[in-house]
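Next comes structure33.csv, a file with CSV, C-alpha atoms.
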chain,number,residue,atom,x,y,z
A,1,MET,CA,-52.3,-22.3,31.2
A,2,ALA,CA,-52.1,-21.5,34.8
A,3,LYS,CA,-50.9,-18.1,35.9
A,4,GLY,CA,-47.2,-17.9,37.0
A,5,ILE,CA,-46.1,-20.9,35.0
A,6,LYS,CA,-43.7,-20.0,32.1
A,7,GLU,CA,-44.0,-21.6,28.7
A,8,PRO,CA,-40.9,-23.4,27.5
A,9,ALA,CA,-39.0,-21.2,25.0
A,10,ASP,CA,-38.5,-22.4,21.4
A,11,ASP,CA,-35.0,-23.2,20.1
A,12,ASP,CA,-35.1,-20.1,17.9
A,13,ASP,CA,-35.3,-17.9,21.0
A,14,TYR,CA,-31.8,-19.0,22.2
A,15,ILE,CA,-28.6,-17.5,20.9
A,16,ASP,CA,-25.6,-19.7,20.9
A,17,ILE,CA,-22.5,-17.6,21.8
A,18,ASP,CA,-19.3,-19.3,20.8
A,19,ASP,CA,-16.3,-17.2,21.7
A,20,THR,CA,-13.9,-19.7,20.2
A,21,GLY,CA,-14.8,-18.8,16.7
A,22,PRO,CA,-15.0,-21.2,13.7
A,23,GLY,CA,-12.0,-23.1,12.8
A,24,ASP,CA,-11.7,-21.8,9.2
A,25,LEU,CA,-11.0,-18.3,10.6
A,26,LYS,CA,-7.9,-19.4,12.4
A,27,GLY,CA,-4.5,-18.8,10.8
A,28,ALA,CA,-1.4,-20.9,10.7
A,29,ASP,CA,0.0,-19.4,13.9
A,30,GLY,CA,-3.2,-19.8,15.9
A,31,GLY,CA,-4.4,-16.2,15.5
A,32,TYR,CA,-7.1,-15.1,13.2
A,33,ALA,CA,-6.5,-15.3,9.5
A,34,TRP,CA,-6.7,-11.5,8.9
A,35,GLU,CA,-4.0,-11.0,11.5
A,36,GLU,CA,-1.5,-12.8,9.3
A,37,GLU,CA,-1.6,-9.9,6.8
A,38,TYR,CA,0.3,-7.7,9.3
A,39,LYS,CA,3.8,-8.1,10.4
A,40,ARG,CA,4.4,-7.6,14.1
A,41,SER,CA,7.8,-6.1,13.9
A,42,TRP,CA,8.1,-5.6,17.6
A,43,ASP,CA,7.9,-9.3,18.3
A,44,VAL,CA,11.5,-9.8,16.9
A,45,ILE,CA,13.0,-7.4,19.5
A,46,GLN,CA,14.3,-9.5,22.4
A,47,GLU,CA,16.0,-8.1,25.5
A,48,ASP,CA,19.0,-9.7,27.1
A,49,ALA,CA,19.3,-10.5,30.8
A,50,SER,CA,19.9,-6.9,31.8
A,51,GLY,CA,16.9,-5.6,29.8
A,52,SER,CA,19.0,-4.0,27.0
A,53,ILE,CA,18.4,-4.3,23.3
A,54,GLN,CA,22.0,-3.5,22.4
A,55,SER,CA,22.4,-7.0,20.9
A,56,ILE,CA,19.7,-6.3,18.4
A,57,VAL,CA,21.4,-3.0,17.4
A,58,LEU,CA,24.8,-4.9,17.0
A,59,GLY,CA,23.1,-7.4,14.7
A,60,ILE,CA,21.7,-4.7,12.5
A,61,ASN,CA,25.1,-3.0,12.3
A,62,ASP,CA,26.7,-6.4,11.3
A,63,GLN,CA,24.2,-6.7,8.5
A,64,LYS,CA,25.1,-3.2,7.3
A,65,ARG,CA,28.8,-4.0,7.4
A,66,HIS,CA,28.2,-7.2,5.4
A,67,ARG,CA,26.3,-5.3,2.7
A,68,ARG,CA,28.9,-2.5,2.4
A,69,VAL,CA,31.8,-4.8,1.5
A,70,ARG,CA,31.7,-5.2,-2.3
A,71,ASP,CA,34.0,-6.3,-5.0
A,72,THR,CA,36.0,-3.2,-6.0
A,73,GLU,CA,38.2,-4.8,-8.5
A,74,ALA,CA,38.5,-2.7,-11.8
A,75,ILE,CA,37.1,-5.1,-14.4
A,76,GLN,CA,35.4,-4.4,-17.7
A,77,ARG,CA,31.7,-3.9,-17.5
A,78,GLY,CA,29.0,-2.8,-19.9
A,79,ILE,CA,27.2,0.4,-19.1
A,80,ILE,CA,24.5,-0.1,-21.7
A,81,ARG,CA,22.2,-3.0,-20.6
A,82,HIS,CA,19.1,-4.6,-21.9
A,83,VAL,CA,17.3,-6.5,-19.1
A,84,VAL,CA,14.0,-8.5,-19.2
A,85,LEU,CA,12.4,-8.9,-15.8
A,86,ILE,CA,10.2,-12.1,-15.5
A,87,ILE,CA,7.6,-12.2,-12.7
A,88,ASP,CA,5.8,-15.3,-11.6
A,89,GLN,CA,2.0,-14.8,-11.6
A,90,SER,CA,1.0,-18.4,-10.8
A,91,GLU,CA,-1.3,-19.4,-7.9
A,92,ASN,CA,1.7,-20.2,-5.8
A,93,MET,CA,2.3,-16.4,-5.4
A,94,ASN,CA,-0.7,-16.2,-3.2
A,95,LEU,CA,1.0,-18.0,-0.3
A,96,ARG,CA,1.7,-16.1,2.9
A,97,ASP,CA,5.2,-17.2,3.8
A,98,LEU,CA,6.3,-13.7,2.7
A,99,MET,CA,4.2,-10.9,4.2
A,100,PRO,CA,1.5,-10.1,3.3
A,101,THR,CA,1.6,-12.5,0.3
A,102,ARG,CA,4.4,-13.5,-2.1
A,103,ILE,CA,3.0,-11.4,-4.9
A,104,GLN,CA,2.7,-8.3,-2.8
A,105,ALA,CA,6.2,-8.7,-1.4
A,106,THR,CA,7.5,-9.3,-4.9
A,107,LEU,CA,5.8,-6.2,-6.3
A,108,THR,CA,7.3,-4.1,-3.4
A,109,MET,CA,10.8,-5.3,-4.1
A,110,VAL,CA,10.5,-5.2,-7.9
A,111,THR,CA,9.3,-1.6,-7.6
A,112,ALA,CA,12.3,-0.6,-5.6
A,113,PHE,CA,14.5,-2.6,-7.9
A,114,ILE,CA,13.3,-0.8,-11.0
A,115,GLY,CA,13.9,2.6,-9.4
A,116,GLU,CA,17.4,1.6,-8.3
A,117,TYR,CA,18.2,0.0,-11.6
A,118,PHE,CA,17.5,3.2,-13.6
A,119,ASP,CA,19.3,5.3,-11.0
A,120,GLN,CA,22.5,3.3,-11.3
A,121,ASN,CA,22.0,2.4,-15.1
A,122,PRO,CA,20.4,5.5,-16.6
A,123,ILE,CA,21.2,4.7,-20.2
A,124,SER,CA,20.0,1.1,-20.0
A,125,GLN,CA,16.6,-0.4,-20.9
A,126,LEU,CA,14.2,-2.7,-19.2
A,127,SER,CA,11.2,-4.9,-20.2
A,128,VAL,CA,8.7,-6.7,-17.9
A,129,ILE,CA,7.1,-10.1,-18.7
A,130,ALA,CA,4.6,-12.0,-16.5
A,131,THR,CA,3.9,-15.8,-16.7
A,132,LYS,CA,0.8,-17.7,-15.5
A,133,ASP,CA,-1.5,-20.5,-16.8
A,134,GLY,CA,1.3,-21.9,-18.9
A,135,LEU,CA,1.6,-18.7,-20.9
A,136,ALA,CA,3.8,-15.6,-21.0
A,137,GLU,CA,2.6,-12.0,-21.4
A,138,LYS,CA,4.8,-9.0,-22.2
A,139,LEU,CA,3.6,-6.2,-19.9
A,140,THR,CA,6.1,-3.6,-21.2
A,141,ASP,CA,8.5,-3.5,-24.1
A,142,LEU,CA,12.2,-2.4,-23.8
A,143,SER,CA,12.1,1.1,-22.5
A,144,GLY,CA,14.3,3.5,-20.6
A,145,ASN,CA,11.4,5.2,-18.8
A,146,PRO,CA,10.8,3.7,-15.4
A,147,MET,CA,7.2,5.1,-15.1
A,148,ASP,CA,6.1,2.8,-18.0
A,149,HIS,CA,7.1,-0.3,-16.1
A,150,LEU,CA,5.8,0.9,-12.7
A,151,GLY,CA,2.4,1.7,-14.2
A,152,ALA,CA,2.2,-1.7,-15.8
A,153,LEU,CA,3.0,-3.5,-12.6
A,154,LYS,CA,0.4,-1.5,-10.7
A,155,ASP,CA,-2.3,-2.3,-13.2
A,156,LYS,CA,-1.7,-6.0,-14.0
A,157,ALA,CA,0.9,-7.8,-12.0
A,158,ASN,CA,-1.2,-8.3,-8.8
A,159,LYS,CA,-4.4,-9.5,-10.5
A,160,ASP,CA,-5.7,-12.8,-11.8
A,161,LEU,CA,-3.1,-15.1,-10.3
A,162,ALA,CA,-3.8,-18.6,-11.7
A,163,GLY,CA,-2.3,-21.8,-12.8
A,164,GLU,CA,1.3,-22.6,-13.2
A,165,PRO,CA,4.1,-20.6,-14.8
A,166,SER,CA,5.9,-21.5,-18.0
A,167,LEU,CA,9.5,-20.6,-17.8
A,168,GLN,CA,10.2,-21.8,-21.3
A,169,ASN,CA,7.5,-19.5,-22.8
A,170,ALA,CA,8.8,-16.6,-20.7
A,171,LEU,CA,12.4,-17.2,-21.8
A,172,GLU,CA,11.4,-17.6,-25.5
A,173,LEU,CA,9.5,-14.3,-25.3
A,174,ALA,CA,12.5,-12.6,-23.6
A,175,MET,CA,14.8,-13.8,-26.3
A,176,HIS,CA,12.4,-12.5,-29.0
A,177,THR,CA,12.4,-9.1,-27.1
A,178,LEU,CA,16.2,-9.0,-26.9
A,179,LYS,CA,16.8,-9.9,-30.5
A,180,ARG,CA,16.6,-6.3,-31.6
A,181,ALA,CA,18.9,-5.1,-28.9
A,182,PRO,CA,22.2,-3.8,-30.3
A,183,THR,CA,25.3,-6.0,-29.9
A,184,HIS,CA,27.2,-3.4,-27.9
A,185,GLY,CA,24.8,-3.8,-25.0
A,186,SER,CA,24.4,-6.7,-22.6
A,187,ARG,CA,21.4,-9.1,-22.8
A,188,GLU,CA,20.1,-10.2,-19.5
A,189,VAL,CA,17.1,-11.9,-17.9
A,190,VAL,CA,16.2,-11.6,-14.2
A,191,CYS,CA,13.5,-13.9,-12.9
A,192,VAL,CA,11.5,-13.8,-9.7
A,193,MET,CA,9.8,-17.2,-9.3
A,194,GLY,CA,7.7,-18.7,-6.6
A,195,SER,CA,6.6,-22.0,-8.1
A,196,LEU,CA,8.5,-25.3,-7.9
A,197,THR,CA,7.2,-26.4,-11.2
A,198,THR,CA,7.0,-25.1,-14.8
A,199,CYS,CA,4.4,-26.0,-17.4
A,200,ASP,CA,6.3,-25.9,-20.7
A,201,PRO,CA,5.1,-26.9,-24.2
A,202,GLY,CA,8.4,-28.3,-25.3
A,203,ASP,CA,12.0,-29.3,-24.3
A,204,ILE,CA,13.4,-26.6,-22.1
A,205,ALA,CA,16.9,-27.9,-22.9
A,206,GLN,CA,16.5,-26.5,-26.4
A,207,THR,CA,15.6,-23.2,-25.0
A,208,LEU,CA,18.8,-23.3,-22.9
A,209,GLU,CA,20.9,-23.9,-26.0
A,210,ALA,CA,19.2,-21.0,-27.7
A,211,LEU,CA,19.9,-18.8,-24.7
A,212,LYS,CA,23.6,-19.6,-24.8
A,213,ALA,CA,23.8,-19.1,-28.6
A,214,SER,CA,22.2,-15.6,-28.2
A,215,GLN,CA,24.5,-14.8,-25.3
A,216,VAL,CA,21.6,-14.1,-22.9
A,217,ARG,CA,22.5,-14.2,-19.2
A,218,VAL,CA,19.8,-15.5,-16.9
A,219,SER,CA,19.7,-14.9,-13.2
A,220,MET,CA,16.9,-15.9,-10.8
A,221,VAL,CA,15.6,-15.2,-7.2
A,222,HIS,CA,13.4,-18.1,-6.0
A,223,LEU,CA,11.0,-17.6,-3.1
A,224,ALA,CA,10.7,-21.3,-2.1
A,225,ALA,CA,13.5,-23.7,-2.7
A,226,GLU,CA,16.3,-24.7,-5.1
A,227,VAL,CA,15.0,-26.2,-8.4
A,228,HIS,CA,17.5,-28.2,-10.5
A,229,VAL,CA,16.4,-27.0,-13.9
A,230,PHE,CA,16.2,-23.4,-12.8
A,231,LYS,CA,19.7,-23.4,-11.3
A,232,ARG,CA,21.1,-25.2,-14.3
A,233,ILE,CA,19.8,-22.5,-16.7
A,234,CYS,CA,21.4,-19.8,-14.6
A,235,ARG,CA,24.7,-21.6,-14.2
A,236,GLU,CA,25.1,-22.5,-17.9
A,237,THR,CA,24.2,-19.0,-19.1
A,238,GLY,CA,26.6,-17.3,-16.7
A,239,GLY,CA,24.0,-16.0,-14.3
A,240,VAL,CA,23.4,-16.6,-10.6
A,241,PHE,CA,20.7,-18.5,-8.7
A,242,TYR,CA,19.5,-17.4,-5.3
A,243,VAL,CA,16.8,-18.6,-2.8
A,244,ALA,CA,15.3,-15.9,-0.7
A,245,GLN,CA,15.0,-16.6,3.0
A,246,ASN,CA,12.8,-13.6,4.0
A,247,GLU,CA,11.7,-10.2,2.7
A,248,ASP,CA,15.0,-8.4,3.6
A,249,ASN,CA,17.1,-11.2,2.1
A,250,MET,CA,15.0,-11.1,-1.1
A,251,LYS,CA,15.7,-7.4,-1.5
A,252,ASP,CA,19.4,-7.9,-1.1
A,253,LEU,CA,19.5,-10.8,-3.6
A,254,LEU,CA,17.4,-8.9,-6.1
A,255,PHE,CA,19.6,-5.8,-5.8
A,256,GLU,CA,22.7,-7.9,-6.6
A,257,ASN,CA,21.5,-7.5,-10.3
A,258,VAL,CA,21.6,-3.7,-10.2
A,259,PRO,CA,25.4,-3.4,-11.0
A,260,PRO,CA,26.2,-4.5,-14.5
A,261,PRO,CA,27.9,-7.9,-14.7
A,262,PRO,CA,31.4,-8.4,-16.0
A,263,ILE,CA,31.8,-8.7,-19.8
A,264,VAL,CA,32.9,-12.1,-21.1
A,265,SER,CA,36.3,-11.9,-22.8
A,266,ALA,CA,34.8,-13.3,-26.1
A,267,ARG,CA,32.5,-10.3,-26.3
A,268,ALA,CA,35.0,-7.7,-25.1
A,269,THR,CA,35.1,-5.5,-28.2
A,270,ALA,CA,35.7,-1.8,-28.4
A,271,ASP,CA,32.9,-0.3,-30.5
A,272,MET,CA,32.2,3.3,-31.2
A,273,ILE,CA,28.6,4.2,-30.3
A,274,GLN,CA,26.8,7.2,-31.7
A,275,MET,CA,24.9,9.2,-29.1
A,276,GLY,CA,23.2,12.6,-29.3
A,277,PHE,CA,23.1,15.3,-26.6
A,278,PRO,CA,19.9,17.2,-27.3
A,279,ILE,CA,19.1,20.7,-26.3
A,280,LYS,CA,16.1,21.7,-24.3
A,281,ALA,CA,13.1,22.9,-26.2
A,282,GLY,CA,11.4,26.2,-25.4
A,283,GLY,CA,9.2,29.0,-26.7
A,284,VAL,CA,6.0,27.9,-28.4
A,285,PRO,CA,4.4,24.5,-27.8
A,286,THR,CA,5.3,21.9,-30.4
A,287,PRO,CA,4.2,18.2,-30.8
A,288,CYS,CA,6.5,15.4,-29.6
A,289,VAL,CA,7.3,12.4,-31.8
A,290,CYS,CA,6.7,9.9,-28.9
A,291,HIS,CA,3.2,10.9,-27.8
A,292,HIS,CA,2.1,13.2,-30.6
A,293,GLU,CA,0.9,15.8,-28.1
A,294,LEU,CA,1.6,19.5,-27.8
A,295,GLY,CA,3.8,20.7,-25.0
A,296,PHE,CA,6.3,23.2,-23.9
A,297,VAL,CA,8.8,20.8,-22.3
A,298,GLY,CA,11.0,18.5,-24.4
A,299,TYR,CA,14.3,18.0,-26.0
A,300,ILE,CA,15.4,18.5,-29.7
A,301,CYS,CA,17.3,15.7,-31.4
A,302,PRO,CA,20.6,17.1,-32.8
A,303,ARG,CA,20.3,14.9,-36.0
A,304,CYS,CA,16.7,15.2,-37.2
A,305,LYS,CA,15.5,18.1,-35.0
A,306,SER,CA,12.5,16.0,-33.7
A,307,LYS,CA,11.2,16.6,-30.2
A,308,VAL,CA,11.1,14.0,-27.5
A,309,CYS,CA,9.6,14.3,-24.0
A,310,SER,CA,12.2,12.8,-21.7
A,311,LEU,CA,15.8,11.5,-21.6
A,312,PRO,CA,17.3,9.0,-22.0
A,313,THR,CA,15.6,7.5,-25.0
A,314,ASP,CA,15.9,6.6,-28.7
A,315,CYS,CA,14.7,9.1,-31.2
A,316,ASP,CA,11.6,7.7,-32.9
A,317,VAL,CA,12.5,9.3,-36.2
A,318,CYS,CA,16.2,8.6,-36.8
A,319,GLY,CA,16.9,6.1,-34.0
A,320,LEU,CA,19.7,8.1,-32.4
A,321,PRO,CA,20.3,7.3,-28.7
A,322,LEU,CA,19.6,10.6,-26.8
A,323,VAL,CA,21.3,11.1,-23.4
A,324,SER,CA,22.6,13.9,-21.2
A,325,ALA,CA,26.0,14.3,-19.6
A,326,PRO,CA,24.8,13.4,-16.1
A,327,HIS,CA,23.4,10.1,-17.4
A,328,LEU,CA,26.8,9.1,-18.7
A,329,ALA,CA,28.5,10.2,-15.5
A,330,ARG,CA,26.2,8.1,-13.4
A,331,SER,CA,26.8,5.0,-15.5
A,332,TYR,CA,30.6,5.5,-15.5
A,333,HIS,CA,31.1,4.8,-11.8
A,334,HIS,CA,30.6,1.1,-12.3
A,335,LEU,CA,33.9,0.9,-14.2
A,336,PHE,CA,35.9,2.5,-11.4
A,337,PRO,CA,34.1,1.6,-8.1
A,338,GLU,CA,35.1,3.4,-4.8
A,339,GLU,CA,37.5,1.3,-2.7
A,340,ASN,CA,36.2,-0.3,0.5
A,341,PHE,CA,37.1,1.7,3.6
A,342,LYS,CA,39.1,0.0,6.3
A,343,GLU,CA,37.7,-0.5,9.8
A,344,VAL,CA,39.9,1.3,12.4
A,345,GLY,CA,39.9,1.7,16.1
A,346,GLY,CA,41.4,3.9,18.7
A,347,ASP,CA,42.3,7.5,18.1
A,348,SER,CA,41.2,9.1,14.8
A,349,VAL,CA,42.8,11.9,12.8
A,350,ASP,CA,39.4,13.5,12.7
A,351,SER,CA,37.6,14.5,15.9
A,352,ALA,CA,34.3,13.7,14.2
A,353,CYS,CA,33.0,11.9,11.1
A,354,PHE,CA,34.3,13.7,8.1
A,355,GLY,CA,30.9,13.1,6.3
A,356,CYS,CA,28.1,14.0,8.7
A,357,GLY,CA,30.1,15.6,11.5
A,358,ALA,CA,29.0,13.2,14.2
A,359,VAL,CA,31.4,13.2,17.2
A,360,TRP,CA,33.0,9.9,18.0
A,361,ALA,CA,31.4,8.2,21.0
A,362,GLU,CA,33.5,7.9,24.1
A,363,PRO,CA,33.8,5.2,25.5
A,364,PRO,CA,33.6,3.1,22.3
A,365,ASN,CA,29.9,2.1,21.7
A,366,ASP,CA,28.5,0.4,18.6
A,367,THR,CA,25.1,2.0,19.1
A,368,GLU,CA,26.5,5.5,18.4
A,369,PRO,CA,27.8,6.9,15.0
A,370,GLY,CA,31.5,6.4,15.0
A,371,GLY,CA,31.7,4.6,18.3
A,372,GLY,CA,34.0,1.6,18.7
A,373,ARG,CA,34.0,-0.4,15.5
A,374,GLY,CA,32.1,2.4,13.7
A,375,LYS,CA,35.1,4.1,12.2
A,376,TYR,CA,36.0,3.5,8.6
A,377,ARG,CA,39.0,5.1,6.9
A,378,CYS,CA,39.5,5.9,3.3
A,379,PRO,CA,42.8,4.4,2.1
A,380,ARG,CA,43.6,7.4,-0.1
A,381,CYS,CA,42.7,10.6,1.8
A,382,LYS,CA,42.9,8.9,5.3
A,383,HIS,CA,39.7,10.6,6.6
A,384,ASP,CA,37.4,8.6,8.9
A,385,TYR,CA,33.7,8.1,8.4
A,386,CYS,CA,30.9,6.5,10.4
A,387,LEU,CA,29.1,3.4,9.2
A,388,GLU,CA,26.1,5.3,7.8
A,389,CYS,CA,28.3,7.7,5.8
A,390,ASP,CA,30.4,4.7,4.6
A,391,ILE,CA,27.3,3.0,3.2
A,392,PHE,CA,26.0,6.3,1.7
A,393,ILE,CA,29.3,6.9,-0.1
A,394,HIS,CA,29.5,3.4,-1.6
A,395,GLU,CA,25.9,2.8,-2.5
A,396,THR,CA,24.7,6.3,-3.5
A,397,LEU,CA,27.4,8.9,-3.8
A,398,HIS,CA,30.1,6.7,-5.4
A,399,ASN,CA,32.8,9.3,-4.5
A,400,CYS,CA,34.8,10.0,-1.4
A,401,PRO,CA,34.2,13.6,-0.2
A,402,GLY,CA,37.7,13.8,1.2
A,403,CYS,CA,39.3,12.7,-2.1
A,404,VAL,CA,37.2,15.0,-4.2
Encoded form (structure tokens):
Amino acid sequence: MAKGIKEPADDDDYIDIDDTGPGDLKGADGGYAWEEEYKRSWDVIQEDASGSIQSIVLGINDQKRHRRVRDTEAIQRGIIRHVVLIIDQSENMNLRDLMPTRIQATLTMVTAFIGEYFDQNPISQLSVIATKDGLAEKLTDLSGNPMDHLGALKDKANKDLAGEPSLQNALELAMHTLKRAPTHGSREVVCVMGSLTTCDPGDIAQTLEALKASQVRVSMVHLAAEVHVFKRICRETGGVFYVAQNEDNMKDLLFENVPPPPIVSARATADMIQMGFPIKAGGVPTPCVCHHELGFVGYICPRCKSKVCSLPTDCDVCGLPLVSAPHLARSYHHLFPEENFKEVGGDSVDSACFGCGAVWAEPPNDTEPGGGRGKYRCPRCKHDYCLECDIFIHETLHNCPGCV
């Protein structure tokens, strides 16, 4: 070939650069698919015409005020509960309408629920059941140790999502688990479902009748929409049915099941319950009856002198419920809840919040502790508290510092 004349390049020598990217990498909102796993929390903050975000702060405070107002009527409640938690593990839990996925959001909320449940109901028990592929699997049996349930959820609940759930099989397994629960404790089922269908082997109406005969209360938080058969089961067993709108709403609805429900008048009996208050073991290492391992730490059953690792629990030898005095005290506050504080304005009898000592803002300002509508007065001791202290008193402390 003549010198200076370039040969035509082959097609393999060219590199096609497409900066638009393939269509299968795009997410539902137009961004890349991996960007959907992250929640851009700063996008929800909107400024008003003056560039202030005070309206956002006011909205957050309104949500706090709504959560703090609770029913404080003194009604009979059971302090010993037996709850079965049913979690949907179907393929529908892989959807991304809750961040990052339904199952991940559910595991986060359920983990927080288990911790709060045992904090508010220390002498109660819990069991976890998962349902997928038309079957139900018991992850943990009834136990008062939260670490057993959290470990099972971490190992199994977020793996192998497949098929459709079977609510009937899950409820039948829950009833079988609750059969050996004593009659003086409540029997409850709390479901977290994401599927709009249920693959059942038989007539679920018969299961509903069995639930009512066994006096099992079923409540459910659904992640998608209202399903007639799910709502009917909850309504006829005395439970509640909710549809979660987002992650925060899902947490609020799930935590509605933390306080014990009122006792039905037909079951309102006064039974004497035997309980043991063990003493702490010490000295030489001895084997425990729960794990059969040597250890220094443990508690001695006052009836059979066996050693257990933690409280509260049931003695594996004689079956005596073993608790401590603080456990009973923490369960007792549900029977006599703290009264709702009244919102006040203007001058206060206290120059600062009686709880945290924050000085009231002048002029009134909702963005500061105790400013404007942020003063809440105890109807008994007449001391004023800011919104944060009011929420802490009613949700955690359960006693007014001014009254105590």
Minimum-distance residue to Leu95 (chain A), chosen among A:Gly194, A:Ser127, A:Arg180, A:Ser331 (using all atoms listed in the file):
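The shortest atom-to-atom distance to Leu95 (chain A) comes from A:Gly194.
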Starting from the point (20.3, 2.2, -10.8), work out which residues of protein, DNA or RNA have an atom no more than 10 Å away when counting all atoms listed in the file; state them as a ChimeraX atom specification.
/A:112-124,255,257-260,330-331,396
Residue selection dump (C-alpha atoms) as a PDB file, in the coordinates of the input:
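Heads up, here's the output in again39.pdb:
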ATOM      1  CA  ALA A 112      12.300  -0.600  -5.600  1.00  0.00           C
ATOM      2  CA  PHE A 113      14.500  -2.600  -7.900  1.00  0.00           C
ATOM      3  CA  ILE A 114      13.300  -0.800 -11.000  1.00  0.00           C
ATOM      4  CA  GLY A 115      13.900   2.600  -9.400  1.00  0.00           C
ATOM      5  CA  GLU A 116      17.400   1.600  -8.300  1.00  0.00           C
ATOM      6  CA  TYR A 117      18.200   0.000 -11.600  1.00  0.00           C
ATOM      7  CA  PHE A 118      17.500   3.200 -13.600  1.00  0.00           C
ATOM      8  CA  ASP A 119      19.300   5.300 -11.000  1.00  0.00           C
ATOM      9  CA  GLN A 120      22.500   3.300 -11.300  1.00  0.00           C
ATOM     10  CA  ASN A 121      22.000   2.400 -15.100  1.00  0.00           C
ATOM     11  CA  PRO A 122      20.400   5.500 -16.600  1.00  0.00           C
ATOM     12  CA  ILE A 123      21.200   4.700 -20.200  1.00  0.00           C
ATOM     13  CA  SER A 124      20.000   1.100 -20.000  1.00  0.00           C
ATOM     14  CA  PHE A 255      19.600  -5.800  -5.800  1.00  0.00           C
ATOM     15  CA  ASN A 257      21.500  -7.500 -10.300  1.00  0.00           C
ATOM     16  CA  VAL A 258      21.600  -3.700 -10.200  1.00  0.00           C
ATOM     17  CA  PRO A 259      25.400  -3.400 -11.000  1.00  0.00           C
ATOM     18  CA  PRO A 260      26.200  -4.500 -14.500  1.00  0.00           C
ATOM     19  CA  ARG A 330      26.200   8.100 -13.400  1.00  0.00           C
ATOM     20  CA  SER A 331      26.800   5.000 -15.500  1.00  0.00           C
ATOM     21  CA  THR A 396      24.700   6.300  -3.500  1.00  0.00           C
TER      22      THR A 396
END
What does the distance from CA of Cys301 (chain A) to CA of Ala325 (chain A) come to in Å, to one decimal?
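Value for the CA of Cys301 (chain A)-CA of Ala325 (chain A) distance: 14.7 Å.
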Within 7 Å of file point (17.2, -13.2, -8.0), counting only C-alpha atoms, expressed as a list in words:
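Residues close enough to count: Val190, Cys191, Val192, Ser219, Met220, Val221, His222, Phe241, Tyr242, Leu253 and Leu254 of chain A.
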Report as CSV the residues of region 256-337 of chain A within 10 Å of region 138-160 of chain A, each with its shortest atom pair and distance in Å (one decimal), using all atoms listed in the file, ordered by chain and increasing residue number.
residue,atom,partner,partner_atom,distance
A:Ser310,CA,A:Asn145,CA,8.2
A:Leu311,CA,A:Asn145,CA,8.2
A:Pro312,CA,A:Gly144,CA,6.4
A:Thr313,CA,A:Gly144,CA,6.1
A:Asp314,CA,A:Gly144,CA,8.8
Residues just named, written with C-alpha atoms as a short mmCIF file (atom, residue, chain, number, x, y, z; two decimals), keeping the file's coordinate frame:
data_model
loop_
_atom_site.label_atom_id
_atom_site.label_comp_id
_atom_site.auth_asym_id
_atom_site.auth_seq_id
_atom_site.Cartn_x
_atom_site.Cartn_y
_atom_site.Cartn_z
CA SER A 310 12.20 12.80 -21.70
CA LEU A 311 15.80 11.50 -21.60
CA PRO A 312 17.30 9.00 -22.00
CA THR A 313 15.60 7.50 -25.00
CA ASP A 314 15.90 6.60 -28.70
#
Could you pull the residues within 6 Å of Ala244 (chain A), counting only C-alpha atoms, minus those fewer than 5 positions along the same chain, as number ranges by chain?
A: 223, 249-250
May I have the residues from that selection written out with C-alpha atoms, as a compact mmCIF listing (two decimals), in the frame of the given file?
# COMPACT_ATOMS: atom_id res chain seq x y z
CA LEU A 223 11.00 -17.60 -3.10
CA ASN A 249 17.10 -11.20 2.10
CA MET A 250 15.00 -11.10 -1.10
Give me the residues within 12 Å of His228 (chain A) as a list of chain:residue names, counting all atoms listed in the file and dropping any in the same chain fewer than 6 places off.
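Close residues of His228 (chain A): A:Leu196, A:Thr197, A:Thr198, A:His222, A:Cys234, A:Arg235, A:Phe241.
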Just the number, please: distance in Å from CA of Val317 (chain A) to CA of Leu173 (chain A), one decimal.
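CA of Leu173 (chain A) lies at a distance of 26.2 Å from CA of Val317 (chain A).
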Rank nothing, just name the residue among A:Ile86, A:Pro287, A:Leu107, A:Leu178 nearest to Pro165 (chain A), using all atoms listed in the file.
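Checking each of A:Ile86, A:Pro287, A:Leu107, A:Leu178 against Pro165 (chain A), counting all atoms listed in the file, the winner is A:Ile86.
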Skipping near chain neighbours, those fewer than 4 positions away, what residues fall within 9 Å of Phe354 (chain A) using all atoms listed in the file, listed as a ChimeraX atom specification?
/A:350,358,383-386,389,401-402
So, counting all atoms listed in the file, which residue among A:Leu98, A:Ile300, A:Leu335, A:Leu294 is closest to Arg77 (chain A)?
A:Leu335
What does the structure give for the distance between CA of Ala181 (chain A) and CA of Arg81 (chain A), in Å to one decimal?
9.2 Å
